[in-house]
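Enquirer: The file below is coords-v5.cif, mmCIF, C-alpha atoms:
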data_start
#
loop_
_atom_site.label_atom_id
_atom_site.label_comp_id
_atom_site.auth_asym_id
_atom_site.auth_seq_id
_atom_site.Cartn_x
_atom_site.Cartn_y
_atom_site.Cartn_z
CA MET C 1 -36.45 -71.23 23.95
CA GLU C 2 -37.90 -73.27 26.79
CA LYS C 3 -41.05 -71.79 28.31
CA ARG C 4 -40.65 -70.80 31.94
CA SER C 5 -42.89 -72.42 34.50
CA ARG C 6 -45.40 -70.55 36.66
CA SER C 7 -43.26 -71.16 39.73
CA PHE C 8 -40.45 -69.12 38.14
CA TYR C 9 -42.68 -66.03 37.92
CA VAL C 10 -44.03 -66.58 41.44
CA LEU C 11 -40.51 -66.79 42.88
CA THR C 12 -39.40 -63.78 40.80
CA ALA C 13 -42.30 -61.71 42.16
CA PHE C 14 -41.51 -62.84 45.69
CA PHE C 15 -37.86 -61.88 45.27
CA ALA C 16 -38.83 -58.48 43.83
CA LEU C 17 -41.06 -57.83 46.84
CA PHE C 18 -38.22 -58.85 49.14
CA ILE C 19 -35.84 -56.38 47.45
CA LEU C 20 -38.51 -53.66 47.70
CA PHE C 21 -39.00 -54.43 51.39
CA LEU C 22 -35.23 -54.43 51.95
CA TYR C 23 -34.36 -51.19 50.19
CA GLY C 24 -37.71 -49.40 50.07
CA PRO C 25 -37.29 -47.59 53.41
CA THR C 26 -33.80 -46.43 52.46
CA LEU C 27 -35.01 -45.16 49.09
CA THR C 28 -37.94 -43.39 50.77
CA ILE C 29 -35.61 -41.59 53.18
CA GLY C 30 -33.33 -40.68 50.29
CA VAL C 31 -36.20 -39.15 48.31
CA LEU C 32 -37.61 -37.21 51.27
CA SER C 33 -34.17 -35.78 52.08
CA PHE C 34 -34.30 -33.72 48.86
CA GLN C 35 -37.35 -31.72 49.89
CA GLY C 36 -37.56 -27.94 49.74
CA PRO C 37 -37.12 -25.62 52.76
CA GLN C 38 -40.79 -26.01 53.72
CA GLY C 39 -40.73 -29.79 53.45
CA GLY C 40 -41.97 -32.11 56.19
CA LEU C 41 -41.32 -35.65 57.33
CA THR C 42 -43.92 -37.32 55.12
CA PHE C 43 -45.22 -37.32 51.57
CA PRO C 44 -46.24 -35.42 49.52
CA MET C 45 -42.95 -33.63 48.94
CA ASN C 46 -42.85 -29.85 49.15
CA GLY C 47 -40.37 -28.81 46.49
CA VAL C 48 -36.99 -30.28 45.55
CA SER C 49 -33.67 -28.89 46.76
CA LEU C 50 -30.43 -29.58 48.66
CA HIS C 51 -31.55 -27.33 51.51
CA TRP C 52 -31.47 -30.01 54.21
CA PHE C 53 -28.03 -31.23 53.22
CA ARG C 54 -26.71 -27.68 53.56
CA ASP C 55 -28.55 -27.34 56.87
CA LEU C 56 -26.89 -30.53 58.07
CA PHE C 57 -23.44 -28.93 57.79
CA GLU C 58 -24.50 -25.87 59.75
CA GLU C 59 -24.47 -25.71 63.54
CA GLN C 60 -27.34 -27.75 64.91
CA ALA C 61 -29.56 -26.57 67.76
CA VAL C 62 -29.45 -30.00 69.36
CA GLY C 63 -27.01 -32.87 69.31
CA ASP C 64 -23.47 -33.33 68.06
CA ILE C 65 -23.80 -35.07 64.70
CA TRP C 66 -20.24 -34.75 63.45
CA GLY C 67 -18.72 -35.52 66.84
CA ALA C 68 -20.84 -38.69 66.93
CA PHE C 69 -19.71 -39.54 63.40
CA ARG C 70 -16.04 -39.18 64.36
CA ARG C 71 -16.56 -41.38 67.41
CA SER C 72 -18.34 -44.06 65.37
CA LEU C 73 -15.60 -43.95 62.73
CA ALA C 74 -12.82 -44.25 65.33
CA LEU C 75 -14.65 -47.01 67.18
CA GLY C 76 -15.33 -48.88 63.95
CA LEU C 77 -11.66 -48.80 62.99
CA MET C 78 -10.62 -49.97 66.47
CA VAL C 79 -13.09 -52.85 66.36
CA MET C 80 -12.09 -53.72 62.79
CA VAL C 81 -8.37 -54.02 63.54
CA THR C 82 -8.93 -55.94 66.77
CA THR C 83 -11.41 -58.31 65.13
CA VAL C 84 -9.00 -59.12 62.29
CA VAL C 85 -6.00 -59.70 64.58
CA VAL C 86 -7.84 -61.80 67.17
CA SER C 87 -9.73 -63.78 64.52
CA VAL C 88 -6.51 -64.75 62.74
CA MET C 89 -4.86 -65.72 66.02
CA GLY C 90 -7.94 -67.69 67.07
CA GLY C 91 -8.16 -69.42 63.70
CA LEU C 92 -4.51 -70.45 63.92
CA ALA C 93 -4.96 -71.66 67.50
CA PHE C 94 -7.99 -73.82 66.66
CA ARG C 95 -6.20 -75.59 63.83
CA LYS C 96 -4.93 -78.00 66.43
CA ARG C 97 -7.29 -79.52 68.95
CA PHE C 98 -6.53 -78.70 72.56
CA ALA C 99 -8.19 -79.44 75.88
CA GLY C 100 -11.41 -77.50 76.18
CA SER C 101 -11.40 -76.24 72.58
CA GLY C 102 -14.98 -77.39 71.98
CA ALA C 103 -16.32 -75.70 75.11
CA LEU C 104 -14.36 -72.54 74.30
CA PHE C 105 -15.79 -72.47 70.77
CA TYR C 106 -19.39 -72.67 71.99
CA LEU C 107 -18.65 -70.11 74.69
CA ILE C 108 -17.45 -67.66 72.01
CA ILE C 109 -20.44 -68.27 69.75
CA ALA C 110 -22.92 -67.99 72.64
CA SER C 111 -22.60 -64.19 72.64
CA LEU C 112 -24.43 -64.13 69.29
CA VAL C 113 -27.63 -65.50 70.79
CA ILE C 114 -27.63 -63.45 74.00
CA PRO C 115 -29.87 -60.36 73.61
CA SER C 116 -27.68 -57.38 72.76
CA ILE C 117 -29.24 -55.14 75.39
CA LEU C 118 -28.27 -57.66 78.09
CA ILE C 119 -24.67 -57.62 76.85
CA SER C 120 -24.70 -53.82 77.04
CA LEU C 121 -26.18 -53.90 80.54
CA GLY C 122 -23.71 -56.52 81.75
CA VAL C 123 -20.63 -54.75 80.41
CA GLY C 124 -21.80 -51.46 81.89
CA LEU C 125 -22.36 -53.09 85.30
CA ILE C 126 -18.91 -54.72 85.26
CA PHE C 127 -17.21 -51.41 84.57
CA ASN C 128 -19.20 -49.71 87.32
CA GLN C 129 -18.40 -52.47 89.82
CA PHE C 130 -14.68 -52.17 89.17
CA GLY C 131 -14.80 -48.40 89.35
CA LEU C 132 -13.89 -47.97 85.69
CA ARG C 133 -15.22 -45.16 83.55
CA VAL C 134 -17.99 -46.13 81.15
CA HIS C 135 -16.85 -44.71 77.82
CA TRP C 136 -17.38 -45.48 74.15
CA ALA C 137 -13.67 -46.23 73.65
CA THR C 138 -13.47 -48.74 76.54
CA SER C 139 -16.74 -50.34 77.61
CA GLY C 140 -18.36 -49.55 74.24
CA PHE C 141 -15.37 -51.06 72.46
CA GLY C 142 -15.54 -54.23 74.57
CA SER C 143 -19.28 -54.71 74.15
CA GLN C 144 -19.02 -54.39 70.37
CA LEU C 145 -16.25 -56.98 70.23
CA THR C 146 -18.69 -59.52 71.69
CA TRP C 147 -20.65 -59.00 68.47
CA THR C 148 -17.91 -58.84 65.84
CA LEU C 149 -15.39 -61.41 67.10
CA PRO C 150 -17.69 -64.46 66.76
CA PHE C 151 -18.35 -63.58 63.11
CA GLY C 152 -14.65 -63.08 62.46
CA LEU C 153 -13.73 -66.36 64.13
CA LEU C 154 -16.36 -68.30 62.21
CA ILE C 155 -14.98 -66.96 58.94
CA MET C 156 -11.41 -67.85 59.93
CA PHE C 157 -12.46 -71.35 61.02
CA ALA C 158 -14.00 -71.91 57.58
CA VAL C 159 -10.90 -70.51 55.84
CA PHE C 160 -8.39 -72.62 57.76
CA ASN C 161 -10.50 -75.77 57.41
CA ARG C 162 -9.93 -75.49 53.64
CA PHE C 163 -6.36 -74.26 53.83
CA ASP C 164 -3.78 -76.46 52.07
CA ARG C 165 -0.96 -76.96 54.56
CA SER C 166 1.41 -78.14 51.83
CA TYR C 167 2.23 -74.47 51.21
CA GLU C 168 3.48 -74.13 54.78
CA GLU C 169 5.42 -77.37 54.54
CA ALA C 170 7.10 -76.16 51.35
CA ALA C 171 8.08 -72.89 53.03
CA ARG C 172 9.55 -74.72 56.03
CA ASP C 173 11.45 -77.03 53.69
CA GLN C 174 13.03 -73.89 52.22
CA GLY C 175 14.21 -72.84 55.68
CA ALA C 176 11.46 -70.37 56.60
CA SER C 177 10.77 -69.85 60.27
CA ALA C 178 7.26 -70.14 61.74
CA TRP C 179 6.80 -66.36 61.67
CA GLN C 180 8.13 -66.08 58.11
CA THR C 181 5.74 -68.83 57.01
CA ILE C 182 2.78 -66.98 58.48
CA ARG C 183 3.87 -63.59 57.17
CA PHE C 184 4.92 -64.51 53.63
CA VAL C 185 2.77 -67.59 52.92
CA VAL C 186 -0.33 -67.86 55.11
CA LEU C 187 -1.36 -64.21 55.35
CA PRO C 188 -1.07 -63.45 51.59
CA ILE C 189 -3.18 -66.50 50.76
CA ILE C 190 -5.96 -65.67 53.22
CA ALA C 191 -5.78 -61.89 52.58
CA PRO C 192 -9.18 -61.70 50.76
CA SER C 193 -10.82 -63.40 53.75
CA LEU C 194 -9.12 -60.94 56.09
CA ILE C 195 -10.66 -58.10 54.12
CA GLY C 196 -14.04 -59.78 54.55
CA VAL C 197 -13.50 -60.01 58.30
CA ALA C 198 -12.45 -56.36 58.38
CA LEU C 199 -15.60 -55.36 56.49
CA PHE C 200 -17.75 -57.34 58.91
CA GLY C 201 -15.99 -55.79 61.89
CA PHE C 202 -16.30 -52.21 60.70
CA THR C 203 -19.87 -52.30 59.41
CA LEU C 204 -21.23 -54.22 62.41
CA SER C 205 -19.57 -51.70 64.74
CA TYR C 206 -20.52 -48.60 62.75
CA ASP C 207 -24.26 -49.23 62.97
CA GLU C 208 -24.43 -51.06 66.31
CA PHE C 209 -27.04 -49.59 68.65
CA ALA C 210 -28.14 -51.96 71.41
CA ARG C 211 -24.69 -53.07 72.62
CA THR C 212 -23.54 -49.46 72.75
CA LEU C 213 -26.64 -48.03 74.40
CA LEU C 214 -25.51 -48.53 78.01
CA THR C 215 -21.75 -48.57 77.40
CA SER C 216 -21.05 -45.35 75.49
CA GLY C 217 -20.98 -43.12 78.54
CA SER C 218 -21.61 -39.39 78.10
CA TYR C 219 -20.80 -39.30 74.38
CA ASN C 220 -23.06 -40.81 71.74
CA THR C 221 -21.99 -42.80 68.73
CA LEU C 222 -23.75 -42.01 65.46
CA PRO C 223 -26.58 -44.60 65.82
CA LEU C 224 -27.34 -43.31 69.32
CA GLU C 225 -27.22 -39.71 68.09
CA ILE C 226 -29.65 -40.47 65.26
CA PHE C 227 -31.99 -42.22 67.69
CA GLY C 228 -31.88 -39.17 69.94
CA MET C 229 -32.64 -36.91 67.00
CA THR C 230 -35.85 -38.81 66.24
CA THR C 231 -37.34 -37.45 69.46
CA ASN C 232 -36.55 -33.77 68.96
CA VAL C 233 -35.85 -33.12 65.26
CA THR C 234 -38.95 -32.57 63.15
CA THR C 235 -37.38 -31.59 59.81
CA PRO C 236 -35.98 -33.62 56.88
CA VAL C 237 -32.45 -32.87 58.11
CA ILE C 238 -32.55 -36.28 59.79
CA TYR C 239 -33.32 -37.82 56.39
CA ALA C 240 -30.35 -35.98 54.89
CA LEU C 241 -28.17 -37.44 57.63
CA GLY C 242 -29.55 -40.91 56.91
CA THR C 243 -28.84 -40.52 53.20
CA LEU C 244 -25.25 -39.43 53.79
CA THR C 245 -24.54 -42.23 56.28
CA THR C 246 -26.00 -44.77 53.85
CA LEU C 247 -23.80 -43.45 51.04
CA PHE C 248 -20.81 -43.60 53.37
CA SER C 249 -21.59 -47.25 54.18
CA PHE C 250 -21.82 -48.11 50.48
CA LEU C 251 -18.55 -46.25 49.89
CA ILE C 252 -16.81 -48.37 52.53
CA ILE C 253 -18.22 -51.59 51.08
CA GLY C 254 -17.21 -50.50 47.58
CA ALA C 255 -13.67 -49.74 48.74
CA PHE C 256 -13.35 -53.22 50.23
CA ILE C 257 -14.72 -54.83 47.06
CA VAL C 258 -12.27 -52.90 44.87
CA THR C 259 -9.44 -53.93 47.17
CA VAL C 260 -10.37 -57.62 46.90
CA TRP C 261 -10.73 -57.28 43.11
CA GLY C 262 -7.31 -55.62 42.87
CA MET C 263 -5.70 -58.35 44.96
CA GLY C 264 -7.28 -61.00 42.74
CA LYS C 265 -5.97 -59.31 39.60
CA ARG C 266 -2.50 -58.98 41.11
CA ARG C 267 -2.46 -62.63 42.13
CA ALA C 268 -3.58 -63.71 38.65
CA ARG C 269 -0.87 -61.55 37.07
CA LEU C 270 1.83 -62.97 39.35
CA GLY C 271 0.61 -66.48 38.56
CA SER C 272 0.75 -65.75 34.83
CA ASP C 273 4.25 -64.30 35.10
CA ALA C 274 5.41 -67.33 37.08
CA GLY C 275 3.96 -69.65 34.43
CA LYS C 276 5.79 -67.81 31.67
CA GLY C 277 9.01 -68.01 33.66
CA VAL C 278 8.67 -71.77 33.87
#
Now that the file is in, can you turn its structure into structure tokens?

Expert:
Amino acid sequence: MEKRSRSFYVLTAFFALFILFLYGPTLTIGVLSFQGPQGGLTFPMNGVSLHWFRDLFEEQAVGDIWGAFRRSLALGLMVMVTTVVVSVMGGLAFRKRFAGSGALFYLIIASLVIPSILISLGVGLIFNQFGLRVHWATSGFGSQLTWTLPFGLLIMFAVFNRFDRSYEEAARDQGASAWQTIRFVVLPIIAPSLIGVALFGFTLSYDEFARTLLTSGSYNTLPLEIFGMTTNVTTPVIYALGTLTTLFSFLIIGAFIVTVWGMGKRRARLGSDAGKGV
């Protein structure tokens, strides 16, 4: 067996430190959330129990945790669906060059480099100037789309740049209309990428703070609610909330991964069956 060089161990140690830096805070919060009833916000731990998880489901003296969770979930689903639909439409539109397409592309991507708090401030000011109500489902929804749509469009641009148009030509040769070609040929082929765009849209929306700060109106989303709790909650209940929201995020990601895996297995099975039929 070939002896590994010193650089291999240096890079391995660096990567291990990076993983520790990435997940260490989350693991720390997870451990502290299992403290006993007399536990505090720092180490050393004072007992081990599920007390703070039970306390989380009781009525809180301050804040509206579960209302904020429902709002974040609804907003995330709204942003996810809109991001997928608009990204697919944009990807299809940019397949053919049109006047101003380059300038429009850079205009879309520019929102990624503008500070998020300025986006939030600008959207809030526009709604106020037009006499519209600042609300998480309107202004908050719009400000978050400025964050998720560029990512979705970039993914779709990459997908369609590699897309083999011979599939569409074959469908049209068989008499399929433009809509039938998109529905029965294009969308099934790019479905795994659509799931990726949906995952981006939901997760970016679910934990977005800055772009929602000045556009959520009178009702907080979950990130805003957690931030508010840091100023007035002095018990590990906030750690229990962080642990549950982290597990929920991993559950969502796992569901998307299983869906992609299932679609891949189904496609492989259909391909195998078609080969046997030939």

Enquirer: Counting only C-alpha atoms, figure out which residue out of C:Ser193, C:Asp173, C:Trp52, C:Phe69 gets nearest to Phe248 in chain C.

Expert: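 Closest residue, counting only C-alpha atoms: C:Phe69.
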
Enquirer: For the point (-13.5, -73.5, 60.4) in the file's frame, write as a VMD selection string all residues with an atom no more than 12 Å away, counting all atoms listed in the file.

Expert: chain C and resid 87 to 88 90 to 96 105 150 to 163

Enquirer: Please provide as a ChimeraX atom specification all residues within 6 Å of range 219-225 of chain C, with the sequence filter that same-chain residues fewer than 2 positions apart are discarded (counting only C-alpha atoms).

Expert: /C:68-69,71-72,207,209,217,227-228

Enquirer: Which residues are close to Leu132 in chain C, i.e. within 12 Å by all atoms listed in the file, leaving aside same-chain residues fewer than 6 positions away? Reply as a ChimeraX atom specification.

Expert: /C:123-126,138-139,215,217

Enquirer: Could the residues in this selection be written to a file with C-alpha atoms, as a PDB file, keeping the file's coordinate frame?

Expert:
ATOM      1  CA  VAL C 123     -20.630 -54.750  80.410  1.00  0.00           C
ATOM      2  CA  GLY C 124     -21.800 -51.460  81.890  1.00  0.00           C
ATOM      3  CA  LEU C 125     -22.360 -53.090  85.300  1.00  0.00           C
ATOM      4  CA  ILE C 126     -18.910 -54.720  85.260  1.00  0.00           C
ATOM      5  CA  THR C 138     -13.470 -48.740  76.540  1.00  0.00           C
ATOM      6  CA  SER C 139     -16.740 -50.340  77.610  1.00  0.00           C
ATOM      7  CA  THR C 215     -21.750 -48.570  77.400  1.00  0.00           C
ATOM      8  CA  GLY C 217     -20.980 -43.120  78.540  1.00  0.00           C
TER       9      GLY C 217
END

Enquirer: So which residues touch Val84 in chain C within 9 Å, counting only C-alpha atoms, skipping near sequence neighbours fewer than 6 positions away, as a PyMOL selection string?

Expert: chain C and resi 149+152-153+194-195+197-198+201

Enquirer: Got a sec: who's within 9 Å of Ala178 in chain C, counting all atoms listed in the file, leaving out chain neighbours fewer than 5 positions off, as an mmCIF file with C-alpha atoms, in the frame of the given file?

Expert:
data_model
loop_
_atom_site.group_PDB
_atom_site.id
_atom_site.type_symbol
_atom_site.label_atom_id
_atom_site.label_comp_id
_atom_site.auth_asym_id
_atom_site.auth_seq_id
_atom_site.Cartn_x
_atom_site.Cartn_y
_atom_site.Cartn_z
ATOM 1 C CA GLU C 168 3.480 -74.130 54.780
ATOM 2 C CA ARG C 172 9.550 -74.720 56.030
ATOM 3 C CA ARG C 183 3.870 -63.590 57.170
#

Enquirer: Calculate how many Å separate CA of Leu241 in chain C from CA of Met229 in chain C, rounding to one decimal.

Expert: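 Those two atoms sit 10.4 Å apart.
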
Enquirer: Restricting the calculation to all atoms listed in the file, which member of C:Leu187, C:Leu145, C:Ile238, C:Leu75 is positioned closest to Gly30 in chain C?

Expert: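 Distance minimum relative to Gly30 in chain C lands on C:Ile238.
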
Enquirer: Need the shell around Gly47 in chain C: protein/DNA/RNA residues with any atom at most 10 Å away, counting all atoms listed in the file. Skip same-chain ones fewer than 6 positions apart. Format as a compact mmCIF listing (two decimals) with C-alpha atoms, keeping the file's coordinate frame?

Expert:
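Result went into out_21.txt, see below:
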# COMPACT_ATOMS: atom_id res chain seq x y z
CA PHE C 34 -34.30 -33.72 48.86
CA GLN C 35 -37.35 -31.72 49.89
CA GLY C 36 -37.56 -27.94 49.74
CA PRO C 37 -37.12 -25.62 52.76
CA GLN C 38 -40.79 -26.01 53.72
CA GLY C 39 -40.73 -29.79 53.45

Enquirer: Taking the point (9.3, -71.5, 50.1) as given in the file, collect each protein or nucleic acid residue that comes within 12 Å of it, counting all atoms listed in the file, and present the set as a VMD selection string.

Expert: chain C and resid 166 to 178 180 to 186

Enquirer: To one decimal place, how far is CA of Arg54 in chain C from CA of Ser33 in chain C in Å?

Expert: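 CA of Ser33 in chain C lies at a distance of 11.1 Å from CA of Arg54 in chain C.
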
Enquirer: Of the residues C:Phe141, C:Phe130, C:Phe57, C:Trp147, which is the one nearest to Ile109 in chain C, using all atoms listed in the file?

Expert: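 Under the stated criterion, the closest residue is C:Trp147.
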
Enquirer: In terms of the shortest atom-to-atom distance over all atoms listed in the file, which of C:Thr203, C:Ser111, C:Gly102, C:Arg211 is closest to Phe250 in chain C?

Expert: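 Closest residue, counting all atoms listed in the file: C:Thr203.
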
Enquirer: Suppose you want the space between CA of Glu58 in chain C and CA of Tyr239 in chain C; what is it in Å?

Expert: 15.2 Å
